[in-house]
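**Student:** Once you've had a glance at the structure underneath, I'll fire off some questions.
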Amino acid sequence: MTDNYEVRDVIDKETLSTVKSVGDSYKYGFSTDIETEYAPLGLNEDIVRLISKKNNEPNWMLDWRLKAFNRWKKLKQPDWALLKIPEIDFQNQYYYARPANMKEKPKSLDEVEPKLLETYSKLGIPLTEQKKLAGVVEGVSIADPENRKVAVDAVFDSVSVGTTFKDELKSAGVLFCSISEAIQEYPDLVKKYLGSVVPISDNFFACLNAAVFSDGSFVYIPEGVRCPMELSTYFRINAENTGQFERTLIIADNNAYVSYLEGCTAPQRDESQLHAAVVELVILEKAEIKYSTVQNWFPGDENGIGGIYNFVTKRADCRGKNSKVMWTQVETGSAITWKYPSCVLKGDNSSGEFYSIAITNNMQQADTGTKMIHLGKNTKSRIVSKGISAGKAQNTYRGLVQIGGRSQHSRNFTQCDSLLIGNKCGAHTVPYIEVNNSSARAEHEATTSKVDEDQLFYCMQRGIGEEDAVALIVNGFCKEVLQALPMEFAMEAQKLVAISLEGSVG
Amino acid sequence: MLKIDDLRVSLEEEEKQIIKGLSLSINPGEVHAIMGPNGSGKSTLSSVLAGKDGYIVDSGTVKYDGSDLLETEVEKRAALGVFMAFQYPIEIPGVGNMNFLRTALNSQRKTRGQEELNAADFLKLVRSIAKDLEISDEMMKRPVNVGASGGEKKRNEILQMCLLEPKFVILDETDSGLDVDAMKLVSKGVNSFSSSSRSFLVITHYQRLLNYIVPDFVHIMVDGRIVKTGDKSLALHVEETGYKNFLQLGKEKH
Ligand SMILES: Nc1ncnc2c1ncn2[C@@H]1O[C@H](COP(=O)(O)OP(=O)(O)OP(=O)(O)O)[C@@H](O)[C@H]1O
Ligand SMILES: [Mg+2]
C-alpha cells in the first residue's frame with residue numbers, strides 16, 4: 001500500500017507538469033482524410049437491411065434489427081433529463097460509414113491500411129502488440145510499472161479495424177473480437193446474450209442502436225478464467241455527419257474476471273454528431289467485471305458549436321450469486337451527455353459499484369448517474385459521483401436506488417459531490433431512492449462546494465501557478481474515483497481533468 | 001531585502017483601510033518581530049506581502065530585492081523566495097502532502113529556470129526534514145492539513161519552509177497552538193534554517209517564542225501602523241504591561 005501511494009503521487013506530479021505542454025484546445029480534433037463509403041442518407045428499413053448485409057449477417061440478426069427498427073418508429077425521444085437538446089433530425093444523418101478499403105475485413109493487423117494505423121498511433125493507440133496504451137489524452141506515454149499488456153479493439157466510424165493480442169487471448173480461452181465477427185463466429189453466445197440485458201425496446205436510443213448498430217466489441221471469458229490482460233476498445237468517430245452506434249457485449253462466465261477499458265475521441269467539427277451506444281455486461285456466479293471509460297469526445301467549442309451528442313445505455317446484469325461489477329467513468333467530452341450505467345443485482349450477495357467523474361466546461365451539458373436495482377438478497381451497491389462544472393456548463397447527477405421487496409438485508413451507499421468553478425455554471429443532484437423492505441438500508445450524502453479561494457491562494461503562495469493549482473485541487477476532489485481506475489487510465493484521466501478545465505479560471 | 005514605504009491598504013469588499021501608513025525595512029539576515037493587539041492588521045500585512053486577493057493598495061510601495069513586490073504575481077513571489085507560514089493553514093482534501101510538496105518545489109524551480117528534482121532525491125530531502133521536525137511518515141501520507149491538529153498544521157508549515165528554502169519568511173503566529181515541545185522543535189527548525197542571507201518577519205502574541213527565535217527588532221503594531229520599535233526587551237515590556245500605553249500612541253499619530 002505504501003509503495004502504491006508513492007507511485008500515484010509521482011504520477012500526479014508528472015500529470016501536472018505535462019498539462020502545460022499540451023496547450024488549450026482539443027487535441028484530437030484532426031480528421032483522417034480517407035476514402036469513406038457511406039450508406040445513403042437517412043434511416044428506413046432499407047438502410048437497416050443494408051447495414052446487416054454489409055456485415056454479412058445471418059437472417060436472425062436481420063430480423064432482430066427490423067424488429068427493433070419497427071419499435072423505434074413508435075418511440076419518442078425522452079425529455080425528462082435536465083438537458084437542452086437541439087432537435088435531432090434523424091433523417092439527416094448517415095447511419096453507416098466505413099473506410100472504403102475495409103470492404104474486405106483485414107485478416108490481420110498487417111492488412112490494415114497504413115493511414116488508419118497512423119490515425120491510431122497519432123491518437124496514442126498503437127495497433128501493434130505493444131505493452132502500452134494511451135490515447136484519450138495526447139502525449140501521455142506510460143512506462144507500465146507492472147509490465148501489463150493491454151489488448152485493443154479499434155473501432156473507426158462504423159467498423160472495427162483490428163483487434164490485438166487475439167491469439168494470445170484465445171489460448172487462454174478468452175474470446176475478444178468485434179461484435180460483427182462474433183455474430184458470424186459465435187452465434188450461439190450472441191443469440192443467448194444479445195439484448196438480454198438491454199432489451200430491444202428499452203429506450204429510444206437503445207432501440208435505435210439495436211436497429212442500426214454496425215460494430216463494437218465482444219468479450220467472452222469462460223468459466224474460471226481470469227483474463228490475462230486488460231481489454232480495451234477505442235472508439236473514433238471520423239466521418240462527417242455520421243452517427244456512431246456501437247454495441248458492446250461482455251460475458252463473464254462463472255468465476256471469471258475481466259477488466260475492460262473504453263476510450264473515445266472524435267474530430268472537431270461544426271456539426272454536432274450523434275453517438276448512441278449500448279453496452280451489455282452479463283456476470284454469472286462469482287464472476288467480476290470492471291468496466292472503465294474515459295470519454296473525451298469533442299465537446300463543441302466555447303460557444304457550444306459542434307460536439308458529440310452522447311446518448312448511451314450501459315447496463316450490467318449481475319445474474320449469478322456473489323457476482324460483482326464496477327463501473328468507473330471519467331466523462332469530460334461531448335456537448336451533451338445522457339448516460340446512466342446501471343447495475344441489476346439479481347444474484348444473492350451480488351454487488352455493484354459506480355464511480356464517476358463528470359466534468360463540464362463552457363457550454364457542455366451532462367445528465368449522468370446510475371441505477372442500482374437490488375433484486376437479490378444481501379446485495380450491496382456503492383455510488384461515488386464527482387461532478388465538476390465550469391464556464392456556463394450544467395451538470396446533473398441523476399441516480400436511482402431501488403431495493404425490491406425480496407432483496408432483504410441489502411445496502412446502498414451514495415456519495416454525491418459537486419464542485420463549481422466560477423458562478424455561471426450549475427450543479428444539480430436528483431436522487432431517487434425506493435426501499436421496499438424494512439431490512440434494507442440506503443444512505444445518501446451530497447455536497448456542493450466551490451473551488452476555494454483560500455485553497456488556491458495557499459497553493460499559489462507555495463509557487464504553484466493558478467491553472468496547476470486548480471488541476472491539483474480538482475484532482476484531489478476526484479481522488480476516490482481516480483483510484484478506482486486501472487493505473488494506465490488513471491494517469492490519462494488526471495491529465496484530462498486538467499486539460500478539460502483549462503481557461504476556467506482567471 | 002524588503003522595504004515597505006508608507007503602505008496603505010484597504011479591503012476590496014468594503015471601504016475600510018486596515019494598513020494606514022506602514023513603513024518597515026528589513027535587511028538580509030535580520031529577524032523582525034511584530035506584536036500588536038487583535039485586529040491591528042498583522043495578518044493583513046502578511047497577506048498583502050504574499051499577494052492575496054481582496055485588498056486594494058491605496059498608496060505606498062514595497063520593494064523586494066530591488067523589484068516591485070506588489071506588481072509581482074503570487075506564484076512568482078514564492079519563486080523569488082517569499083514564504084508565508086499561515087496563521088490558519090489551509091486543508092486540501094484528496095491532495096497528498098508529498099504530491100503537494102513536490103508540485104510546489106518543482107513549480108518554483110521551473111519558474112527560476114532550474115531543473116526539476118527527481119522523485120528519489122525529493123523523497124530523500126523531504127524525509128530528512130520531516131525527521132528533524134518529528135513529523136511521522138503517516139502524517140506525510142495524509143492529504144494536505146486534512147485531519148491534522150492545530151499544532152501539526154503549524155509544523156507542516158515549517159516543513160514546507162525548510163523544503164522550499166525561501167529568502168524572506170513571514171511566520172504569522174506560528175507559535176499559537178503549539179505545545180512547549182513543539183515550539184522548541186519549530187524554533188529549532190527556524191534557527192537552523194536562518195542564515196546571513198535570510199530574513200524573518202515573526203508575528204506573535206507571546207514573548208515566549210522570542211526567547212527561542214531571538215529578534216533583532218521588535219515592532220509594535222496598532223491600528224495599521226508601527227507605533228514603536230525596539231529590541232527584544234520591548235517584547236518583555238509588552239508582556240508585562242499590555243498594549244494600553246501603545247494604543248494612545250496609535251491615536252496621536254493621526
Ligand atoms: N477580508 C476581510 N473582510 C472583512 N474584514 C477584514 C478582512 N480582512 C481583515 N479584516 C479586518 O481587518 C482587521 C485586521 O485584521 P487582521 O487579521 O489583519 O488582524 P491581526 O492583527 O492579524 O489580528 P490577530 O492578532 O487577531 O490575528 C480586522 O478588523 C479584521 O476584521
Ligand atoms: Mg492575524
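Residues are named by chain letter and number: chains run A, B, ... in the order of the C-alpha cells, numbers start at 1 in each chain, and ligands are numbered from 1 in the order shown.
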What lies within 10 Å of Lys20 in chain B using only C-alpha atoms, ignoring chain neighbours under 6 positions off, as a count of residues only?
**Tutor:** 15
**Student:** Neighbours of ligand 1 within 6 Å, counting only C-alpha atoms and all ligand atoms, as a PyMOL selection string?
**Tutor:** chain B and resi 18+37-44
**Student:** Include N, CA, C and O atoms and write out the residues we just selected as a PDB file, in the first residue's frame.
**Tutor:**
```
ATOM      1  N   ILE B  18      -7.116  49.209   6.425  1.00  0.00           N
ATOM      2  CA  ILE B  18      -6.589  48.364   7.503  1.00  0.00           C
ATOM      3  C   ILE B  18      -5.142  48.737   7.804  1.00  0.00           C
ATOM      4  O   ILE B  18      -4.755  48.900   8.956  1.00  0.00           O
ATOM      5  N   PRO B  37      -2.153  44.226  19.174  1.00  0.00           N
ATOM      6  CA  PRO B  37      -3.457  43.688  19.587  1.00  0.00           C
ATOM      7  C   PRO B  37      -4.190  43.020  18.433  1.00  0.00           C
ATOM      8  O   PRO B  37      -3.883  43.263  17.272  1.00  0.00           O
ATOM      9  N   ASN B  38      -5.166  42.194  18.768  1.00  0.00           N
ATOM     10  CA  ASN B  38      -6.003  41.540  17.764  1.00  0.00           C
ATOM     11  C   ASN B  38      -6.619  42.581  16.850  1.00  0.00           C
ATOM     12  O   ASN B  38      -7.076  43.625  17.302  1.00  0.00           O
ATOM     13  N   GLY B  39      -6.616  42.278  15.590  1.00  0.00           N
ATOM     14  CA  GLY B  39      -7.276  43.160  14.632  1.00  0.00           C
ATOM     15  C   GLY B  39      -6.467  44.376  14.246  1.00  0.00           C
ATOM     16  O   GLY B  39      -6.967  45.271  13.564  1.00  0.00           O
ATOM     17  N   SER B  40      -5.196  44.427  14.641  1.00  0.00           N
ATOM     18  CA  SER B  40      -4.416  45.620  14.305  1.00  0.00           C
ATOM     19  C   SER B  40      -3.896  45.590  12.864  1.00  0.00           C
ATOM     20  O   SER B  40      -3.389  46.589  12.368  1.00  0.00           O
ATOM     21  N   GLY B  41      -4.006  44.441  12.203  1.00  0.00           N
ATOM     22  CA  GLY B  41      -3.643  44.395  10.780  1.00  0.00           C
ATOM     23  C   GLY B  41      -2.412  43.569  10.464  1.00  0.00           C
ATOM     24  O   GLY B  41      -1.890  43.627   9.352  1.00  0.00           O
ATOM     25  N   LYS B  42      -1.960  42.754  11.417  1.00  0.00           N
ATOM     26  CA  LYS B  42      -0.743  41.980  11.209  1.00  0.00           C
ATOM     27  C   LYS B  42      -0.911  40.950  10.086  1.00  0.00           C
ATOM     28  O   LYS B  42      -0.070  40.848   9.186  1.00  0.00           O
ATOM     29  N   SER B  43      -2.007  40.194  10.146  1.00  0.00           N
ATOM     30  CA  SER B  43      -2.233  39.189   9.100  1.00  0.00           C
ATOM     31  C   SER B  43      -2.520  39.848   7.763  1.00  0.00           C
ATOM     32  O   SER B  43      -2.161  39.325   6.704  1.00  0.00           O
ATOM     33  N   THR B  44      -3.186  40.974   7.808  1.00  0.00           N
ATOM     34  CA  THR B  44      -3.450  41.694   6.565  1.00  0.00           C
ATOM     35  C   THR B  44      -2.130  42.092   5.895  1.00  0.00           C
ATOM     36  O   THR B  44      -1.963  41.905   4.690  1.00  0.00           O
TER      37      THR B  44
END
```
**Student:** Specify as a list of chain:residue names all residues of chain A found within 6 Å of chain B, counting only C-alpha atoms.
**Tutor:** A:Asp9, A:Lys13, A:Met460, A:Gln461, A:Arg462, A:Gly463, A:Ile464, A:Gly465, A:Gly476, A:Phe477, A:Lys479
**Student:** For N, CA, C and O atoms, I'd like the residues from the last selection saved as a CSV table (one decimal), in the first residue's frame.
**Tutor:**
```csv
chain,number,residue,atom,x,y,z
A,9,ASP,N,1.5,9.4,-6.3
A,9,ASP,CA,2.0,10.8,-6.1
A,9,ASP,C,2.9,11.3,-7.3
A,9,ASP,O,2.7,12.4,-7.8
A,13,LYS,N,2.2,14.3,-10.2
A,13,LYS,CA,3.1,15.4,-10.5
A,13,LYS,C,3.4,15.4,-12.0
A,13,LYS,O,3.3,16.5,-12.6
A,460,MET,N,-0.8,28.8,-4.5
A,460,MET,CA,0.0,29.7,-5.3
A,460,MET,C,1.1,30.4,-4.4
A,460,MET,O,2.2,30.7,-4.9
A,461,GLN,N,0.8,30.5,-3.1
A,461,GLN,CA,1.8,31.1,-2.2
A,461,GLN,C,3.0,30.1,-2.2
A,461,GLN,O,4.1,30.5,-1.9
A,462,ARG,N,2.7,28.9,-2.4
A,462,ARG,CA,3.8,27.9,-2.4
A,462,ARG,C,4.5,27.7,-3.8
A,462,ARG,O,5.3,26.9,-4.0
A,463,GLY,N,4.1,28.6,-4.7
A,463,GLY,CA,4.7,28.6,-6.0
A,463,GLY,C,4.0,27.9,-7.2
A,463,GLY,O,4.5,27.9,-8.3
A,464,ILE,N,2.8,27.4,-6.9
A,464,ILE,CA,2.1,26.7,-7.9
A,464,ILE,C,1.2,27.6,-8.7
A,464,ILE,O,0.5,28.4,-8.2
A,465,GLY,N,1.4,27.6,-10.0
A,465,GLY,CA,0.6,28.5,-10.9
A,465,GLY,C,-0.9,28.2,-10.8
A,465,GLY,O,-1.3,27.2,-10.4
A,476,GLY,N,-7.7,16.3,-6.5
A,476,GLY,CA,-7.9,15.9,-5.1
A,476,GLY,C,-9.3,15.6,-4.8
A,476,GLY,O,-9.7,14.6,-4.2
A,477,PHE,N,-10.2,16.4,-5.4
A,477,PHE,CA,-11.7,16.3,-5.2
A,477,PHE,C,-12.1,14.9,-5.8
A,477,PHE,O,-13.0,14.3,-5.3
A,479,LYS,N,-10.2,12.2,-6.2
A,479,LYS,CA,-9.3,11.2,-5.9
A,479,LYS,C,-9.9,9.8,-5.8
A,479,LYS,O,-9.4,8.8,-6.3
```
**Student:** Please provide as a PDB file with C-alpha atoms, in the first residue's frame all residues within 9 Å of range 396-402 of chain A, with the sequence filter that same-chain residues fewer than 4 positions apart are discarded (counting only C-alpha atoms).
**Tutor:**
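This is the output file part.pdb:
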```pdb
ATOM      1  CA  ALA A  81     -33.314  14.836 -18.433  1.00  0.00           C
ATOM      2  CA  LEU A  82     -32.108  18.275 -17.405  1.00  0.00           C
ATOM      3  CA  LEU A  83     -30.737  18.892 -20.881  1.00  0.00           C
ATOM      4  CA  TYR A 340     -26.627   6.089 -16.642  1.00  0.00           C
ATOM      5  CA  ALA A 358     -18.214  14.203 -14.906  1.00  0.00           C
ATOM      6  CA  GLN A 365     -24.315  19.718 -20.533  1.00  0.00           C
ATOM      7  CA  ALA A 366     -24.234  16.425 -18.702  1.00  0.00           C
ATOM      8  CA  ASP A 367     -27.072  14.475 -17.147  1.00  0.00           C
ATOM      9  CA  THR A 368     -25.466  11.351 -15.841  1.00  0.00           C
ATOM     10  CA  GLY A 369     -25.620   8.953 -12.953  1.00  0.00           C
ATOM     11  CA  THR A 370     -26.542   5.382 -12.294  1.00  0.00           C
ATOM     12  CA  LYS A 371     -29.290   2.963 -11.413  1.00  0.00           C
ATOM     13  CA  MET A 372     -28.848   0.325  -8.774  1.00  0.00           C
ATOM     14  CA  ILE A 373     -31.636  -2.198  -8.919  1.00  0.00           C
ATOM     15  CA  HIS A 374     -31.424  -4.549  -5.961  1.00  0.00           C
ATOM     16  CA  LEU A 375     -33.362  -7.768  -6.513  1.00  0.00           C
ATOM     17  CA  SER A 381     -24.151  -1.115  -4.047  1.00  0.00           C
ATOM     18  CA  ILE A 383     -22.133   5.112  -5.733  1.00  0.00           C
ATOM     19  CA  SER A 385     -20.138  10.626  -8.063  1.00  0.00           C
ATOM     20  CA  LYS A 386     -17.995  13.712  -8.525  1.00  0.00           C
ATOM     21  CA  GLY A 387     -19.435  16.414 -10.751  1.00  0.00           C
ATOM     22  CA  ASN A 412     -26.653   1.095  -0.696  1.00  0.00           C
ATOM     23  CA  THR A 414     -24.333   7.013  -2.244  1.00  0.00           C
ATOM     24  CA  CYS A 416     -22.532  12.638  -4.487  1.00  0.00           C
ATOM     25  CA  SER A 418     -20.382  18.697  -6.835  1.00  0.00           C
ATOM     26  CA  GLY A 426     -24.774  24.837 -12.384  1.00  0.00           C
ATOM     27  CA  ALA A 427     -24.783  21.553 -10.492  1.00  0.00           C
ATOM     28  CA  HIS A 428     -27.888  19.531  -9.742  1.00  0.00           C
ATOM     29  CA  THR A 429     -28.452  16.348  -7.798  1.00  0.00           C
ATOM     30  CA  VAL A 430     -31.530  14.257  -8.451  1.00  0.00           C
ATOM     31  CA  PRO A 431     -31.531  11.116  -6.315  1.00  0.00           C
ATOM     32  CA  TYR A 432     -34.450   8.708  -6.386  1.00  0.00           C
ATOM     33  CA  ILE A 433     -34.473   6.188  -3.571  1.00  0.00           C
ATOM     34  CA  GLU A 434     -37.056   3.435  -3.277  1.00  0.00           C
ATOM     35  CA  VAL A 435     -36.619   0.935  -0.492  1.00  0.00           C
ATOM     36  CA  ASN A 436     -39.332  -1.694  -0.337  1.00  0.00           C
ATOM     37  CA  ALA A 442     -29.893   3.183   1.651  1.00  0.00           C
TER      38      ALA A 442
END
```
**Student:** For Ala469 in chain A, work out the shell of residues within 9 Å, counting only C-alpha atoms and skipping chain neighbours fewer than 6 positions away, then give it as a PyMOL selection string.
**Tutor:** chain A and resi 455-457+459-460
**Student:** Looking at only C-alpha atoms and all ligand atoms, which of B:Met1, B:Val126, B:Cys162, B:Leu171 is the one that sits closest to ligand 2?
**Tutor:**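 The answer is B:Leu171, which sits nearest to ligand 2.
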**Student:** Please indicate the distance in Å from CA of Thr313 in chain A to CA of Val279 in chain A, rounded to one decimal place.
**Tutor:**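 Taking CA of Thr313 in chain A and CA of Val279 in chain A, their separation equals 6.3 Å.
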**Student:** If I take CA of Leu45 in chain B and CA of Leu133 in chain B, how far is one from the other in Å, to one decimal?
**Tutor:**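 About the pair CA of Leu45 in chain B and CA of Leu133 in chain B: they are 27.7 Å apart.
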**Student:** Could you tell me which of B:Thr61, B:Thr204, B:Ser67, B:Asn145 comes closest to ligand 2 if we count only C-alpha atoms and all ligand atoms?
**Tutor:**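 Of B:Thr61, B:Thr204, B:Ser67, B:Asn145, the one nearest ligand 2 is B:Thr204, counting only C-alpha atoms and all ligand atoms.
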**Student:** Range 27-161 of chain B: which residues are alpha helix (DSSP H) by DSSP, as a ChimeraX atom specification?
**Tutor:** /B:42-50,74-79,97-111,119-132,137-141,150-161
**Student:** Record the distance separating CA of Asp202 in chain A and CA of Arg247 in chain A, expressed in Å with one decimal.
**Tutor:**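 Here the two named atoms are 14.2 Å from each other.
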**Student:** Got a sec: who's within 7 Å of range 206-210 of chain B, counting only C-alpha atoms, leaving out chain neighbours fewer than 6 positions off, as a list in words?
**Tutor:**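 Selected residues are Asp175, Ala235, Leu236 and Glu239 of chain B.
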**Student:** Keeping all heavy atoms for every residue in the selection just given, could you write it to a file as a CSV table (one decimal), in the first residue's frame?
**Tutor:**
```csv
chain,number,residue,atom,x,y,z
B,175,ASP,N,3.6,30.2,16.5
B,175,ASP,CA,3.7,29.6,17.8
B,175,ASP,C,2.3,29.3,18.4
B,175,ASP,O,2.2,28.5,19.3
B,175,ASP,CB,4.5,30.5,18.7
B,175,ASP,CG,4.0,32.0,18.8
B,175,ASP,OD1,3.4,32.4,17.7
B,175,ASP,OD2,4.1,32.6,19.8
B,235,ALA,N,9.5,43.4,23.8
B,235,ALA,CA,8.6,42.3,23.9
B,235,ALA,C,8.3,42.0,25.4
B,235,ALA,O,7.1,41.7,25.8
B,235,ALA,CB,9.1,41.1,23.2
B,236,LEU,N,9.3,41.9,26.2
B,236,LEU,CA,9.1,41.7,27.6
B,236,LEU,C,8.2,42.7,28.3
B,236,LEU,O,7.3,42.5,29.1
B,236,LEU,CB,10.5,41.7,28.3
B,236,LEU,CG,11.2,40.4,28.3
B,236,LEU,CD1,12.7,40.6,28.8
B,236,LEU,CD2,10.5,39.3,29.2
B,239,GLU,N,4.7,42.2,27.4
B,239,GLU,CA,4.2,41.0,28.1
B,239,GLU,C,3.7,41.5,29.5
B,239,GLU,O,2.7,41.0,30.1
B,239,GLU,CB,5.3,40.0,28.3
B,239,GLU,CG,4.8,38.7,28.9
B,239,GLU,CD,4.7,37.6,27.9
B,239,GLU,OE1,4.3,37.9,26.7
B,239,GLU,OE2,5.0,36.4,28.2
```
